[in-house]
Each structure stands twice: as C-alpha cells, then as structure tokens.
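Raw run39.txt, compact mmCIF, C-alpha atoms:
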# COMPACT_ATOMS: atom_id res chain seq x y z
CA MET A 1141 0.00 0.00 0.00
CA ASN A 1142 1.39 3.37 -1.01
CA ARG A 1143 1.89 5.61 1.99
CA ILE A 1144 3.59 8.91 1.30
CA LEU A 1145 3.35 10.13 4.87
CA THR A 1146 4.25 7.83 7.72
CA ILE A 1147 2.99 9.43 10.89
CA ILE A 1148 5.32 9.24 13.82
CA PHE A 1149 3.90 10.43 17.08
CA LEU A 1150 6.50 11.48 19.68
CA GLY A 1151 4.04 12.30 22.49
CA LEU A 1152 4.81 15.04 24.96
CA LEU A 1153 4.77 12.66 27.90
CA ILE A 1154 5.82 9.05 28.31
CA VAL A 1155 3.34 7.09 30.39
CA SER A 1156 5.24 5.89 33.43
CA CYS A 1157 4.50 2.72 35.38
CA PHE A 1158 6.55 3.85 38.38
CA ASP A 1159 5.02 4.27 41.84
CA ASN A 1160 3.80 7.80 42.61
CA ASN A 1161 6.18 8.06 45.55
CA ILE A 1162 9.24 7.76 43.32
CA GLU A 1163 10.86 11.11 42.52
CA LYS A 1164 9.53 13.00 39.54
CA LYS A 1165 11.35 12.80 36.24
CA GLY A 1166 14.10 15.41 36.01
CA PHE A 1167 16.52 16.98 38.46
CA GLN A 1168 17.12 20.12 40.50
CA VAL A 1169 19.44 22.81 39.10
CA ASN A 1170 18.87 25.73 41.50
CA GLU A 1171 18.73 26.08 45.25
CA ILE A 1172 15.12 26.31 46.45
CA THR A 1173 14.08 27.85 49.77
CA GLU A 1174 10.84 29.09 51.31
CA ASN A 1175 10.03 32.65 52.31
CA GLU A 1176 8.09 33.71 55.41
CA ASP A 1177 4.81 32.97 53.64
CA GLY A 1178 5.87 29.41 52.82
CA GLN A 1179 6.25 30.15 49.12
CA LYS A 1180 9.10 28.57 47.16
CA VAL A 1181 11.95 30.89 46.19
CA VAL A 1182 14.35 29.83 43.44
CA GLY A 1183 17.88 30.90 44.35
CA LEU A 1184 21.40 30.45 43.05
CA GLN A 1185 22.34 27.89 40.44
CA ILE A 1186 23.83 24.69 41.81
CA ASP A 1187 27.53 24.46 40.91
CA SER A 1188 27.45 20.74 40.13
CA PHE A 1189 24.70 18.19 39.69
CA LYS A 1190 25.12 15.87 42.64
CA PHE A 1191 23.54 12.66 41.48
CA GLU A 1192 24.81 9.26 40.49
CA THR A 1193 24.65 8.05 36.89
CA ARG A 1194 25.12 4.68 35.23
CA PRO A 1195 25.61 3.51 31.63
CA ARG A 1196 23.12 1.04 30.24
CA ASN A 1197 24.50 -0.67 27.13
CA VAL A 1198 26.29 -0.02 23.82
CA LEU A 1199 24.29 1.07 20.77
CA LEU A 1200 25.61 -0.09 17.41
CA THR A 1201 25.62 2.21 14.39
CA PHE A 1202 26.16 1.17 10.75
CA ASN A 1203 29.72 2.52 11.00
CA SER A 1204 31.84 0.22 13.18
CA GLU A 1205 33.96 3.16 14.35
CA HIS A 1206 31.09 4.83 16.17
CA ARG A 1207 29.36 3.44 19.25
CA LEU A 1208 27.00 5.16 21.68
CA THR A 1209 26.22 4.48 25.33
CA PRO A 1210 23.05 5.91 26.96
CA ILE A 1211 23.64 7.29 30.46
CA TYR A 1212 20.86 7.27 33.07
CA LYS A 1213 20.36 8.98 36.41
CA VAL A 1214 20.32 6.53 39.32
CA ASN A 1215 16.96 6.73 41.15
CA TYR A 1216 16.02 5.51 44.61
CA ASP A 1217 12.76 3.93 45.64
CA LYS A 1218 12.07 5.59 49.01
CA LYS A 1219 9.90 2.71 50.19
CA ASN A 1220 12.66 0.12 50.27
CA ASN A 1221 15.74 2.29 49.57
CA GLU A 1222 16.61 0.32 46.45
CA SER A 1223 18.29 1.95 43.48
CA PHE A 1224 17.30 1.59 39.84
CA THR A 1225 17.87 3.23 36.48
CA GLY A 1226 15.71 3.63 33.44
CA SER A 1227 16.20 1.36 30.44
CA ASN A 1228 16.19 1.86 26.71
CA GLU A 1229 12.77 1.87 25.09
CA TYR A 1230 12.60 1.86 21.30
CA HIS A 1231 10.25 3.85 19.11
CA SER A 1232 9.09 1.75 16.18
CA SER A 1233 7.26 2.46 12.96
CA LEU A 1234 3.46 2.45 13.01
CA VAL A 1235 3.36 1.20 9.43
CA ASP A 1236 2.85 -2.57 9.04
CA GLU A 1237 3.21 -2.72 5.28
CA TYR A 1238 5.77 -1.02 3.09
CA GLU A 1239 5.76 -0.18 -0.56
CA LYS A 1240 8.06 -2.49 -2.49
CA GLY A 1241 11.64 -1.25 -2.25
CA ASN A 1242 11.22 0.14 1.27
CA ASN A 1243 12.48 -1.82 4.26
CA TRP A 1244 12.87 0.08 7.53
CA ASN A 1245 13.28 -2.99 9.77
CA ASN A 1246 10.62 -1.58 12.15
CA ASN A 1247 12.70 1.54 12.76
CA LEU A 1248 10.98 4.85 13.31
CA MET A 1249 12.37 6.24 10.05
CA PRO A 1250 14.62 4.62 7.44
CA GLY A 1251 18.22 4.81 8.61
CA PHE A 1252 17.38 5.92 12.16
CA GLU A 1253 16.70 4.06 15.36
CA ALA A 1254 15.11 6.08 18.16
CA ILE A 1255 15.29 5.42 21.89
CA TYR A 1256 13.96 7.02 25.07
CA GLY A 1257 13.99 6.13 28.77
CA TYR A 1258 13.26 7.31 32.31
CA ASN A 1259 15.76 9.98 33.47
CA PHE A 1260 17.96 9.55 30.41
CA VAL A 1261 20.57 12.28 31.07
CA ASN A 1262 23.48 12.01 28.60
CA ILE A 1263 25.01 10.08 25.71
CA SER A 1264 28.59 8.83 25.47
CA HIS A 1265 30.21 8.55 22.03
CA TYR A 1266 33.21 6.26 21.52
CA ASN A 1267 35.41 6.03 18.44
CA ASN A 1268 36.80 2.52 18.04
CA GLN A 1269 39.53 3.77 15.72
CA THR A 1270 40.92 6.65 17.81
CA LYS A 1271 40.00 4.99 21.15
CA LYS A 1272 38.57 8.30 22.38
CA GLU A 1273 35.32 8.97 24.24
CA ASN A 1274 33.27 12.14 24.42
CA LYS A 1275 29.85 13.02 25.78
CA LEU A 1276 27.31 14.79 23.62
CA PHE A 1277 26.32 17.18 26.43
CA GLU A 1278 28.76 18.93 28.78
CA LYS A 1279 26.31 18.71 31.69
CA PRO A 1280 23.43 16.32 32.41
CA VAL A 1281 20.22 17.09 30.51
CA LEU A 1282 16.86 15.35 30.28
CA ILE A 1283 16.72 13.51 26.97
CA LYS A 1284 13.34 12.78 25.41
CA THR A 1285 14.47 10.97 22.23
CA LEU A 1286 17.81 10.04 20.67
CA TYR A 1287 17.87 9.34 16.92
CA TYR A 1288 21.00 7.53 15.74
CA PRO A 1289 22.13 5.76 12.54
CA THR A 1290 20.70 2.28 12.52
CA PHE A 1291 22.82 -0.88 12.44
CA SER A 1292 20.20 -2.59 10.25
CA LYS A 1293 20.33 -2.42 6.45
CA ASP A 1294 17.42 -0.10 5.70
CA THR A 1295 16.26 0.84 2.22
CA LEU A 1296 14.16 3.70 0.86
CA ASN A 1297 12.89 3.49 -2.73
CA TYR A 1298 15.26 0.55 -3.36
CA GLN A 1299 18.27 2.55 -2.20
CA PRO A 1300 20.29 1.80 0.96
CA VAL A 1301 19.91 4.46 3.64
CA LYS A 1302 22.89 5.37 5.81
CA ARG A 1303 22.69 8.40 8.09
CA GLY A 1304 25.81 10.26 9.19
CA PHE A 1305 24.54 12.25 12.17
CA TYR A 1306 22.49 12.15 15.38
CA MET A 1307 19.42 14.12 16.47
CA VAL A 1308 18.36 14.59 20.09
CA SER A 1309 15.20 16.14 21.54
CA VAL A 1310 16.02 17.32 25.03
CA TYR A 1311 15.17 19.50 28.02
CA ASP A 1312 18.49 21.22 28.69
CA GLU A 1313 17.57 24.46 30.45
CA ASP A 1314 15.34 25.52 33.33
CA THR A 1315 13.35 27.72 30.97
CA ASN A 1316 10.36 28.23 33.30
CA LYS A 1317 12.66 29.16 36.23
CA ASP A 1318 11.18 26.74 38.77
CA GLY A 1319 14.57 25.39 39.85
CA PHE A 1320 14.30 22.09 37.93
CA ILE A 1321 15.04 20.71 34.50
CA ASN A 1322 12.02 18.58 33.66
CA VAL A 1323 9.23 18.10 31.12
CA LYS A 1324 7.65 21.43 32.10
CA ASP A 1325 10.50 23.27 30.34
CA LEU A 1326 10.84 23.98 26.63
CA ARG A 1327 12.00 20.96 24.64
CA ARG A 1328 14.85 21.65 22.21
CA PHE A 1329 15.96 19.68 19.14
CA TYR A 1330 19.68 19.33 18.34
CA PHE A 1331 21.93 18.00 15.59
CA PHE A 1332 25.32 16.33 16.24
CA ASP A 1333 27.77 15.10 13.63
CA ILE A 1334 28.80 11.42 13.48
CA ASN A 1335 31.56 12.08 16.06
CA GLY A 1336 29.07 13.53 18.55
CA MET A 1337 30.41 17.04 17.96
CA ASN A 1338 29.34 20.33 16.34
CA LYS A 1339 26.04 20.59 18.22
CA LYS A 1340 23.50 22.96 16.70
CA LEU A 1341 19.81 23.71 17.07
CA LEU A 1342 17.51 22.39 14.35
CA ILE A 1343 14.43 24.25 15.64
CA PRO A 1344 14.67 27.84 16.98
CA LYS A 1345 15.36 28.18 20.70
CA ASN A 1346 12.08 29.97 21.48
CA TYR A 1347 10.04 26.92 20.44
CA SER A 1348 9.14 23.73 22.27
CA VAL A 1349 9.13 20.56 20.14
CA MET A 1350 5.89 18.56 20.28
CA SER A 1351 5.81 15.79 17.69
CA SER A 1352 6.96 14.83 14.21
CA GLU A 1353 5.93 13.16 10.95
CA TYR A 1354 8.04 11.52 8.26
CA ASP A 1355 7.64 12.17 4.53
CA SER A 1356 9.07 9.16 2.68
CA ALA A 1357 8.55 10.71 -0.76
CA ASN A 1358 10.96 13.55 0.05
CA ASP A 1359 12.94 12.03 2.94
CA LEU A 1360 11.89 14.93 5.16
CA MET A 1361 11.08 15.07 8.85
CA TYR A 1362 8.30 17.49 9.77
CA VAL A 1363 8.57 18.83 13.31
CA PHE A 1364 5.58 20.38 15.09
CA ALA A 1365 6.61 22.96 17.69
CA LYS A 1366 4.92 25.49 19.98
CA LEU A 1367 6.16 29.07 19.92
CA ASP A 1368 6.79 30.40 23.43
CA LYS A 1369 4.90 33.56 22.53
CA ASN A 1370 4.59 34.97 26.05
CA GLN A 1371 8.22 34.06 26.81
CA ASN A 1372 7.44 32.37 30.13
CA GLY A 1373 9.61 29.35 29.30
CA GLN A 1374 6.87 26.73 29.14
CA MET A 1375 4.58 25.32 26.49
CA GLU A 1376 0.90 26.25 26.68
CA SER A 1377 -2.03 24.93 24.67
CA ASP A 1378 -3.16 28.35 23.40
CA GLU A 1379 0.25 29.26 21.95
CA PRO A 1380 0.88 29.00 18.18
CA THR A 1381 1.82 25.63 16.66
CA ASP A 1382 4.21 25.93 13.70
CA ILE A 1383 5.74 23.25 11.46
CA TYR A 1384 9.39 22.97 10.41
CA TRP A 1385 10.94 20.55 7.91
CA ILE A 1386 14.38 18.94 8.10
CA ASP A 1387 16.07 17.43 5.06
CA LEU A 1388 17.42 14.11 6.34
CA THR A 1389 19.84 13.85 3.41
CA ASN A 1390 21.33 17.21 4.43
CA PRO A 1391 20.35 18.42 7.92
CA ASP A 1392 21.83 21.85 7.19
CA ASN A 1393 18.79 22.27 4.96
CA VAL A 1394 15.93 23.27 7.31
CA GLY A 1395 12.87 25.41 6.70
CA GLN A 1396 9.40 26.35 7.91
CA GLN A 1397 6.46 24.47 6.42
CA TYR A 1398 3.67 26.33 8.23
CA LYS A 1399 3.49 29.44 10.41
CA THR A 1400 0.45 30.39 12.48
CA GLU A 1401 -0.97 33.76 11.46
Taking this structure as input, can you express it in the form of structure tokens?
Amino acid sequence: MNRILTIIFLGLLIVSCFDNNIEKKGFQVNEITENEDGQKVVGLQIDSFKFETRPRNVLLTFNSEHRLTPIYKVNYDKKNNESFTGSNEYHSSLVDEYEKGNNWNNNLMPGFEAIYGYNFVNISHYNNQTKKENKLFEKPVLIKTLYYPTFSKDTLNYQPVKRGFYMVSVYDEDTNKDGFINVKDLRRFYFFDINGMNKKLLIPKNYSVMSSEYDSANDLMYVFAKLDKNQNGQMESDEPTDIYWIDLTNPDNVGQQYKTE
C-alpha cells in the first residue's frame, strides 16, 4: 500500500508505570528555599549536579567506528531504599506494510533508530579507531528521544539508507525558572555530527518541540513545535503551533512548512 506520509507520534509525555512516591522525572538545578509565607523561592544555580549516573548498554551504528552508550540517572525507591535506572525503550514504525523497495526494519524512520527512557541524562560517544570517548552534552540534561544511525540495512525506494549524524530532543535548560530541568520546560531539538560534535539547534530556541511526521517521498522530517509567545519558558495549549521541515539527506537544509498567522 502506497503511503507517502508515515505518521510518527512522539508524544509530549511518556506514560510511566513507576510508583507515585518515586521522585519525579528530572533533576534540581537551583537552590530552592521558602520565604516567610511558605512560598518557594528559586535561588542560586547549583555548581554541580550531585547525582549518580550509570551507563546502560552499547548502541551499534552502521559505521563500526562509532558506538553510543546511553547514560541514566540513578533513582532511589524511598519505600525500600533500592536503586534503579531507566532502560532503553525503542520507538518503532506504526506502518505494518511497506511499498516495495522500502524496508525500515521496524525503525521509526529509514536509517534511524530512536530510543527514550526514564531519566535519560546524557550520551557517550566512543570512536573505536581513535579509542577516544566524548559526551554529547557537557552537563546532564533530560533527553526525550535520541535518533542515531541504525545498524540494520534499511532501504528507501530501493536505495540503501545510511545516516551520518544524530538528532536529540532534550530538556536542557530551566526555561520556566522553577529550579528544575524537567518536562515542564521547553523541549529543544539538536543536531550532532557522526563524532558527537558540532552541536546545533535544528528548531529555533524559542520553540518547544511537540511531535513529528516523516515524509518518505521527500525524505523529510516534519517537526511540530509550539512558539513560546509569552516568553514564560513553558509550552501552553493556546500558543501557536508551527511546522518545520528537516532534510534528512542534508540536515543543514531546514525550513518552515507552516506558520500560524
């Protein structure tokens, strides 16, 4: 069946099965005190993020030189004082049938695997040739989705698809100034080259990414994003929703598909 648009929903929130008493997703970045009226006051920025992290596993890319390791915040169940970390969950394609010549191996988009997880806070890149490691983010962030070149042999319109970059949707700033980095902040969308370097924004900083769709006819990713019109650092339902496109054959080529009047 011919499907030009494969819809990929990257929901704003991941439904969690964790107990309500377990700490909320995210982490504190500013000192928080209470004034005489018992109201919270956000103070100075914390010099270092004092929490334990652990790696999960090694992600394979099509290029044997490049390997990624997801890094998770260690969480504690207050009921029994046991520690745990999140684990990799994989987004998969919603399309069951492909047009002849297309084989995405159940990946979200041809050439890209996409993972998410609870309190996913950084990504380690390792080059098997140079034996050097680097992290994609200098400080811990809250990662919503990591897109990375798939190890499987995907095809699009009979042609092999090999991606040479990473994309990450992430909460990396306390934009609403509540003292925490969490899902209440603006969600940004970044590009990294195959070495996990040269980070750049794909969607303007004053937007919060919502969801995306894939256009297989043009190999484009459409990104739906809310404009932070009132500049309060959080996404609100009555703010404009605009659409950007990203050329997956050349991620330097980005434009706006739709702008709210």
Would you kindly return, as a ChimeraX atom specification, each protein, DNA or RNA residue with an atom no farther than 9 Å from any atom of Leu1326 of chain A, considering all atoms listed in the file and excluding same-chain residues fewer than 5 positions away? /A:1310-1316,1345-1349,1368,1373-1375
Can those selected residues be exported to a file as an mmCIF file, in the frame of the given file so that it contains C-alpha atoms?
data_model
loop_
_atom_site.group_PDB
_atom_site.id
_atom_site.type_symbol
_atom_site.label_atom_id
_atom_site.label_comp_id
_atom_site.auth_asym_id
_atom_site.auth_seq_id
_atom_site.Cartn_x
_atom_site.Cartn_y
_atom_site.Cartn_z
ATOM 1 C CA VAL A 1310 16.020 17.320 25.030
ATOM 2 C CA TYR A 1311 15.170 19.500 28.020
ATOM 3 C CA ASP A 1312 18.490 21.220 28.690
ATOM 4 C CA GLU A 1313 17.570 24.460 30.450
ATOM 5 C CA ASP A 1314 15.340 25.520 33.330
ATOM 6 C CA THR A 1315 13.350 27.720 30.970
ATOM 7 C CA ASN A 1316 10.360 28.230 33.300
ATOM 8 C CA LYS A 1345 15.360 28.180 20.700
ATOM 9 C CA ASN A 1346 12.080 29.970 21.480
ATOM 10 C CA TYR A 1347 10.040 26.920 20.440
ATOM 11 C CA SER A 1348 9.140 23.730 22.270
ATOM 12 C CA VAL A 1349 9.130 20.560 20.140
ATOM 13 C CA ASP A 1368 6.790 30.400 23.430
ATOM 14 C CA GLY A 1373 9.610 29.350 29.300
ATOM 15 C CA GLN A 1374 6.870 26.730 29.140
ATOM 16 C CA MET A 1375 4.580 25.320 26.490
#
Between A:Pro1195, A:Pro1344, A:Gly1257, A:Pro1391, which has the minimum distance to Leu1282 of chain A (counting all atoms listed in the file)?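 So, comparing all the options, the nearest one is A:Gly1257.
Atom CA of Val1394 of chain A to atom CA of Asn1245 of chain A spans 26.5 Å [interatomic distance, one decimal].
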Check the smallest atom-to-atom distance from each of A:Thr1225, A:Thr1270, A:Thr1381, A:Thr1389 to Glu1401 of chain A using all atoms listed in the file, then report the winner.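 Between A:Thr1225, A:Thr1270, A:Thr1381, A:Thr1389, the residue approaching Glu1401 of chain A most closely is A:Thr1381.
Considering the residues A:Asp1392, A:Asp1325, A:Glu1253, A:Glu1273 and counting all atoms listed in the file, Asn1338 of chain A has its shortest atom-to-atom contact with A:Asp1392.
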Which residues, written as a VMD selection string, have at least one atom at most 6 Å from Asp1382 of chain A, with only C-alpha atoms counted and residues fewer than 5 positions away on the same chain left out? chain A and resid 1364 to 1365 1398 to 1400
Output C-alpha atoms for every residue in that selection, as a PDB file, keeping the file's coordinate frame.
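Full text of selection-v4.pdb as output:
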ATOM      1  CA  PHE A1364       5.580  20.380  15.090  1.00  0.00           C
ATOM      2  CA  ALA A1365       6.610  22.960  17.690  1.00  0.00           C
ATOM      3  CA  TYR A1398       3.670  26.330   8.230  1.00  0.00           C
ATOM      4  CA  LYS A1399       3.490  29.440  10.410  1.00  0.00           C
ATOM      5  CA  THR A1400       0.450  30.390  12.480  1.00  0.00           C
TER       6      THR A1400
END
Just give me the gap between atom CA of Leu1341 of chain A and atom CA of Gln1397 of chain A in Å, one decimal is fine. 17.1 Å
Enter the distance from atom CA of Gly1336 of chain A to atom CA of Met1249 of chain A, in Å, rounded to one decimal. 20.1 Å
Six-sided padding of 8 Å per side, axis-aligned box over segment 1320-1331 of chain A, centre and edges in Å, one decimal, as lines of an AutoDock Vina configuration file:
center_x = 14.8
center_y = 21.0
center_z = 26.8
size_x = 30.3
size_y = 22.0
size_z = 38.3
